[in-house]
Amino acid sequence: MTINNDFKMEEPIIRCWSVYVPDEAGEEVTKTLKSKWLNTGKKEAEFRAKVRARFKAPYAAACMSGTAALKIALKALDVGPGDEVVSTPFTFIATNTSILEIGATPVFADIQYDTLNIDPKSVEEKITDKTKAIMCVHYAGNPVDMDELREVADRHGLPIIEDSAHAMACEYKGQPIGSFGDVATFSFQCVKIVTCGDGGVITTTDEALYKKIRKQSWYGIDREVKKTSILDPLPVPPDGLGFKSNMNDITATLASVAMDHLDRVLEHRKQIGERYRRELQGLTKVTLLNYQDHWTPNYQIFPIHVEDREEFAHYMWDRNIQVNVNNRRNDIYEMFGGLCDLPNLKRADEDVILIPLHSDLTDDDVTRIIENIKEYDNQ
Ligand SMILES: Cc1ncc(COP(=O)(O)O)c(C=O)c1O
């Protein structure tokens with residue numbers, strides 16, 4: 001404990017985020033370094049096998065970030081200049097900058113205020129004959145109602161890209177995200193449930209799409225084709241223009257070690273998330289997200305709706321508890337073409353804030369967070 005100038009005892013700081021690195025990560029990376037095979041190789045294959053098994057995904061490709069995964073998925077689905085992608089505006093900007101980067105235009109649908117996920121009804125209203133795909137985000141690791149969204153997509157013959165950067169190991173109606181659907185992308189960036197610093201995964205149920213995804217992540221070339229000529233630098237000519245975003249074996253080593261810890265880390269988060277849901281329900285100024293029984297959240301983050309968000313933020317920071325606005329509505333950023341008239345988005349953008357949820361939190365920390373939120377609510 002420290003003492004401030006008013007001679008008041010200060011509580012230690014509770015941070016909003018933390019990074020989880022398993023103890024054996026360094027040793028495993030050293031082994032890879034000593035092996036001298038640093039490029040995409042056995043470790044990357046080992047990591048993908050773990051992802052396929054844990055996420056029950058028929059096909060999984062690895063790349064260097066969640067953002068790269070989105071761009072690769074979009075390109076593999078042949079989305080490009082002149083196309084529109086109906087997307088959520090309540091997300092980290094990467095969801096939508098990826099669409100811009102491949103030359104297409106994100107068209108924003110409204111969200112559901114109670115889940116912060118894209119609203120399938122609004123999606124349908126935004127579909128035009130230029131629409132090439134639908135992009136959703138399982139926000140906060142609380143899955144989108146995929147049956148409802150699928151119905152809309154099927155009516156218009158559109159693929160759905162699930163930006164699952166928040167949704168590692170989440171389940172929808174008992175099925176892991178990534179095990180069904182067209183294509184899902186994951187992030188292993190540093191504050192994700194398990195991490196390799198920066199990394200991404202793309203899962204799909206479609207073998208032909210998987211082959212395109214693999215090529216897209218390495219210059220449009222299938223790395224698994226063996227060279228037929230000793231003098232040719234590439235096994236086959238590139239199939240169009242692809243990215244350079246294959247996951248190397250150093251990163252894959254970290255990612256593979258991290259996967260071994262996923263269930264333990266997830267269980268700890270679940271205990272905290274469920275405690276918040278039990279002990280913070282029924283408050284006056286604070287409203288929780290709507291979590292359905294048949295959606296299994298992973299509590300990647302814990303957003304709440306709060307009356308007088310700024311006052312709440314000061315209240316908590318003054319008590320050394322960090323709370324944060326994670327994302328702003330994306331249409332405030334000029335590159336997305338201007339503000340949209342989306343009423344639920346407007347409300348959420350004014351009152352959503354994250355309270356801490358991560359692997360370093362102790363039971364006492366969680367008790368302190370809950371007590372302070374209740375005190376704020378009681379003022
Ligand atoms: C919803 C969402 N999509 C995409 C990304 C991009 O992932 P990455 O940082 O791995 O590129 C993030 C990153 O946090 C995210 O939150």
# chains A, B, ... in the order shown; residues from 1 in each chain; ligands from 1
call {"tool": "residues_near_ligand", "arguments": {"ligand": "ligand 1", "cutoff": "6 Å", "atoms": "only C-alpha atoms and all ligand atoms", "output": "MDAnalysis selection string"}}
result
chainID A and resid 65:67 91:92 94:95 137 163 165:166 187:189 198:200
call {"tool": "closest_atom_pairs", "arguments": {"of": "region 69-126 of chain A", "to": "region 287-295 of chain A", "cutoff": "8 Å", "atoms": "only C-alpha atoms", "output": "JSON lines"}}
result
{"residue": "A:Asp114", "atom": "CA", "partner": "A:Leu289", "partner_atom": "CA", "distance": 5.4}
{"residue": "A:Thr115", "atom": "CA", "partner": "A:Leu289", "partner_atom": "CA", "distance": 5.4}
{"residue": "A:Leu116", "atom": "CA", "partner": "A:Leu289", "partner_atom": "CA", "distance": 7.8}
call {"tool": "write_last_selection", "arguments": {"atoms": "N, CA and C atoms", "output": "PDB file, in the first residue's frame"}}
result
ATOM      1  N   ASP A 114     -28.911  -4.477 -26.324  1.00  0.00           N
ATOM      2  CA  ASP A 114     -28.699  -5.353 -25.160  1.00  0.00           C
ATOM      3  C   ASP A 114     -27.567  -6.372 -25.337  1.00  0.00           C
ATOM      4  N   THR A 115     -27.113  -6.607 -26.578  1.00  0.00           N
ATOM      5  CA  THR A 115     -25.983  -7.539 -26.761  1.00  0.00           C
ATOM      6  C   THR A 115     -24.765  -6.844 -27.371  1.00  0.00           C
ATOM      7  N   LEU A 116     -24.977  -5.687 -27.962  1.00  0.00           N
ATOM      8  CA  LEU A 116     -23.943  -4.929 -28.691  1.00  0.00           C
ATOM      9  C   LEU A 116     -23.547  -5.627 -29.997  1.00  0.00           C
TER      10      LEU A 116
END
call {"tool": "residues_around", "arguments": {"residues": "Ile369 (chain A)", "least_positions_apart": "2", "cutoff": "12 Å", "atoms": "only C-alpha atoms", "output": "PyMOL selection string"}}
result
chain A and resi 11-16+272+275-276+279-280+315-317+319-323+354-357+361-367+371-376
call {"tool": "closest_residue", "arguments": {"among": "A:Glu151, A:Asp222, A:Glu101, A:Glu334", "to": "Pro120 (chain A)", "atoms": "only C-alpha atoms"}}
result
A:Glu151
call {"tool": "closest_residue", "arguments": {"among": "A:Lys43, A:Arg52, A:Lys215, A:Lys132", "to": "Asp83 (chain A)", "atoms": "only C-alpha atoms"}}
result
A:Lys132
call {"tool": "closest_residue", "arguments": {"among": "A:Ile370, A:Ala53, A:Ile118, A:Ile202", "to": "Gln281 (chain A)", "atoms": "only C-alpha atoms"}}
result
A:Ile370
call {"tool": "residues_around", "arguments": {"residues": "Cys340 (chain A)", "least_positions_apart": "4", "cutoff": "10 Å", "atoms": "only C-alpha atoms", "output": "PyMOL selection string"}}
result
chain A and resi 89+107-110+329-332+336+345-346
call {"tool": "select_by_dssp", "arguments": {"residues": "region 64-188 of chain A", "states": "strand (DSSP E)", "output": "list in words"}}
result
Glu84, Val85, Val86, Ser87, Thr105, Pro106, Val107, Phe108, Thr131, Lys132, Ala133, Ile134, Met135, Cys136, Val137, Ile160, Ile161, Glu162, Asp163, Glu171, Tyr172, Gln175, Pro176, Val183, Ala184, Thr185, Phe186 and Ser187 of chain A
call {"tool": "residues_around", "arguments": {"residues": "Ser18 (chain A)", "least_positions_apart": "4", "cutoff": "8 Å", "atoms": "only C-alpha atoms", "output": "list in words"}}
result
Val191, His358, Ser359 and Asp360 of chain A
call {"tool": "residues_around", "arguments": {"residues": "Phe243 (chain A)", "least_positions_apart": "2", "cutoff": "6 Å", "atoms": "only C-alpha atoms", "output": "list in words"}}
result
Gln216, Ser217, Trp218, Tyr219 and Ser245 of chain A
call {"tool": "write_last_selection", "arguments": {"atoms": "N, CA and C atoms", "output": "PDB file, in the first residue's frame"}}
result
ATOM      1  N   GLN A 216      -3.873 -17.167 -50.001  1.00  0.00           N
ATOM      2  CA  GLN A 216      -3.940 -15.720 -49.751  1.00  0.00           C
ATOM      3  C   GLN A 216      -2.963 -15.289 -48.667  1.00  0.00           C
ATOM      4  N   SER A 217      -2.624 -16.197 -47.749  1.00  0.00           N
ATOM      5  CA  SER A 217      -1.752 -15.767 -46.655  1.00  0.00           C
ATOM      6  C   SER A 217      -0.272 -15.829 -47.043  1.00  0.00           C
ATOM      7  N   TRP A 218       0.030 -16.341 -48.237  1.00  0.00           N
ATOM      8  CA  TRP A 218       1.441 -16.348 -48.689  1.00  0.00           C
ATOM      9  C   TRP A 218       1.516 -16.071 -50.180  1.00  0.00           C
ATOM     10  N   TYR A 219       1.384 -14.828 -50.553  1.00  0.00           N
ATOM     11  CA  TYR A 219       1.583 -14.332 -51.927  1.00  0.00           C
ATOM     12  C   TYR A 219       0.718 -15.012 -52.978  1.00  0.00           C
ATOM     13  N   SER A 245       1.565 -13.045 -45.000  1.00  0.00           N
ATOM     14  CA  SER A 245       1.127 -13.022 -43.607  1.00  0.00           C
ATOM     15  C   SER A 245       1.077 -14.415 -43.003  1.00  0.00           C
TER      16      SER A 245
END
call {"tool": "closest_residue", "arguments": {"among": "A:Arg277, A:His138, A:Lys211, A:His261", "to": "Glu24 (chain A)", "atoms": "only C-alpha atoms"}}
result
A:His261
call {"tool": "closest_residue", "arguments": {"among": "A:Gly197, A:Pro303, A:Pro58, A:Gly157", "to": "Asp351 (chain A)", "atoms": "only C-alpha atoms"}}
result
A:Pro303
call {"tool": "atom_distance", "arguments": {"atom1": "CA of Asp147 (chain A)", "atom2": "CA of Glu171 (chain A)"}}
result
13.1 Å
call {"tool": "residues_around", "arguments": {"residues": "Val183 (chain A)", "least_positions_apart": "2", "cutoff": "6 Å", "atoms": "only C-alpha atoms", "output": "list in words"}}
result
Ile161, Gly181, Thr203 and Thr204 of chain A
call {"tool": "atom_distance", "arguments": {"atom1": "CA of Gly273 (chain A)", "atom2": "CA of Glu311 (chain A)"}}
result
23.5 Å
call {"tool": "closest_residue", "arguments": {"among": "A:Gly141, A:Gly41, A:Pro106, A:Gly178", "to": "Lys270 (chain A)", "atoms": "only C-alpha atoms"}}
result
A:Gly141
call {"tool": "atom_distance", "arguments": {"atom1": "CA of Ala140 (chain A)", "atom2": "CA of Cys170 (chain A)"}}
result
10.2 Å
call {"tool": "decode", "arguments": {"residues": "region 24-47 of chain A", "atoms": "N, CA and C atoms", "output": "compact mmCIF listing (two decimals), in the first residue's frame"}}
result
# COMPACT_ATOMS: atom_id res chain seq x y z
N GLU A 24 6.36 -21.68 -19.29
CA GLU A 24 7.27 -22.45 -20.14
C GLU A 24 7.46 -21.83 -21.53
N ALA A 25 6.81 -20.67 -21.78
CA ALA A 25 6.85 -20.10 -23.13
C ALA A 25 8.29 -19.81 -23.59
N GLY A 26 9.09 -19.21 -22.69
CA GLY A 26 10.46 -18.83 -23.05
C GLY A 26 11.29 -20.05 -23.44
N GLU A 27 11.17 -21.10 -22.60
CA GLU A 27 11.94 -22.32 -22.85
C GLU A 27 11.57 -22.94 -24.21
N GLU A 28 10.26 -22.95 -24.49
CA GLU A 28 9.81 -23.55 -25.76
C GLU A 28 10.29 -22.73 -26.96
N VAL A 29 10.27 -21.40 -26.82
CA VAL A 29 10.75 -20.55 -27.92
C VAL A 29 12.26 -20.78 -28.12
N THR A 30 12.98 -20.92 -27.00
CA THR A 30 14.42 -21.18 -27.12
C THR A 30 14.68 -22.45 -27.93
N LYS A 31 13.85 -23.49 -27.67
CA LYS A 31 14.03 -24.75 -28.42
C LYS A 31 13.83 -24.50 -29.92
N THR A 32 12.80 -23.72 -30.23
CA THR A 32 12.54 -23.43 -31.66
C THR A 32 13.71 -22.65 -32.25
N LEU A 33 14.21 -21.65 -31.50
CA LEU A 33 15.33 -20.86 -32.01
C LEU A 33 16.54 -21.75 -32.27
N LYS A 34 16.78 -22.67 -31.32
CA LYS A 34 17.95 -23.55 -31.47
C LYS A 34 17.77 -24.53 -32.62
N SER A 35 16.52 -24.83 -32.96
CA SER A 35 16.27 -25.78 -34.07
C SER A 35 16.67 -25.16 -35.41
N LYS A 36 16.76 -23.81 -35.42
CA LYS A 36 17.11 -23.04 -36.61
C LYS A 36 16.02 -23.07 -37.68
N TRP A 37 14.87 -23.69 -37.40
CA TRP A 37 13.76 -23.59 -38.36
C TRP A 37 12.80 -22.54 -37.80
N LEU A 38 12.88 -21.33 -38.34
CA LEU A 38 12.06 -20.23 -37.82
C LEU A 38 10.87 -19.94 -38.72
N ASN A 39 10.94 -20.35 -39.95
CA ASN A 39 9.88 -20.09 -40.92
C ASN A 39 8.66 -20.98 -40.60
N THR A 40 7.58 -20.79 -41.33
CA THR A 40 6.38 -21.62 -41.17
C THR A 40 6.77 -23.09 -41.34
N GLY A 41 6.51 -23.88 -40.31
CA GLY A 41 6.95 -25.28 -40.37
C GLY A 41 6.17 -26.15 -39.40
N LYS A 42 6.92 -27.03 -38.71
CA LYS A 42 6.27 -28.01 -37.82
C LYS A 42 5.47 -27.34 -36.70
N LYS A 43 6.01 -26.26 -36.15
CA LYS A 43 5.35 -25.61 -35.02
C LYS A 43 4.03 -24.98 -35.46
N GLU A 44 4.01 -24.42 -36.67
CA GLU A 44 2.78 -23.83 -37.19
C GLU A 44 1.75 -24.93 -37.41
N ALA A 45 2.20 -26.07 -37.93
CA ALA A 45 1.29 -27.19 -38.17
C ALA A 45 0.74 -27.71 -36.83
N GLU A 46 1.62 -27.75 -35.83
CA GLU A 46 1.21 -28.22 -34.49
C GLU A 46 0.15 -27.28 -33.90
N PHE A 47 0.38 -25.98 -34.06
CA PHE A 47 -0.58 -24.99 -33.55
C PHE A 47 -1.93 -25.15 -34.24
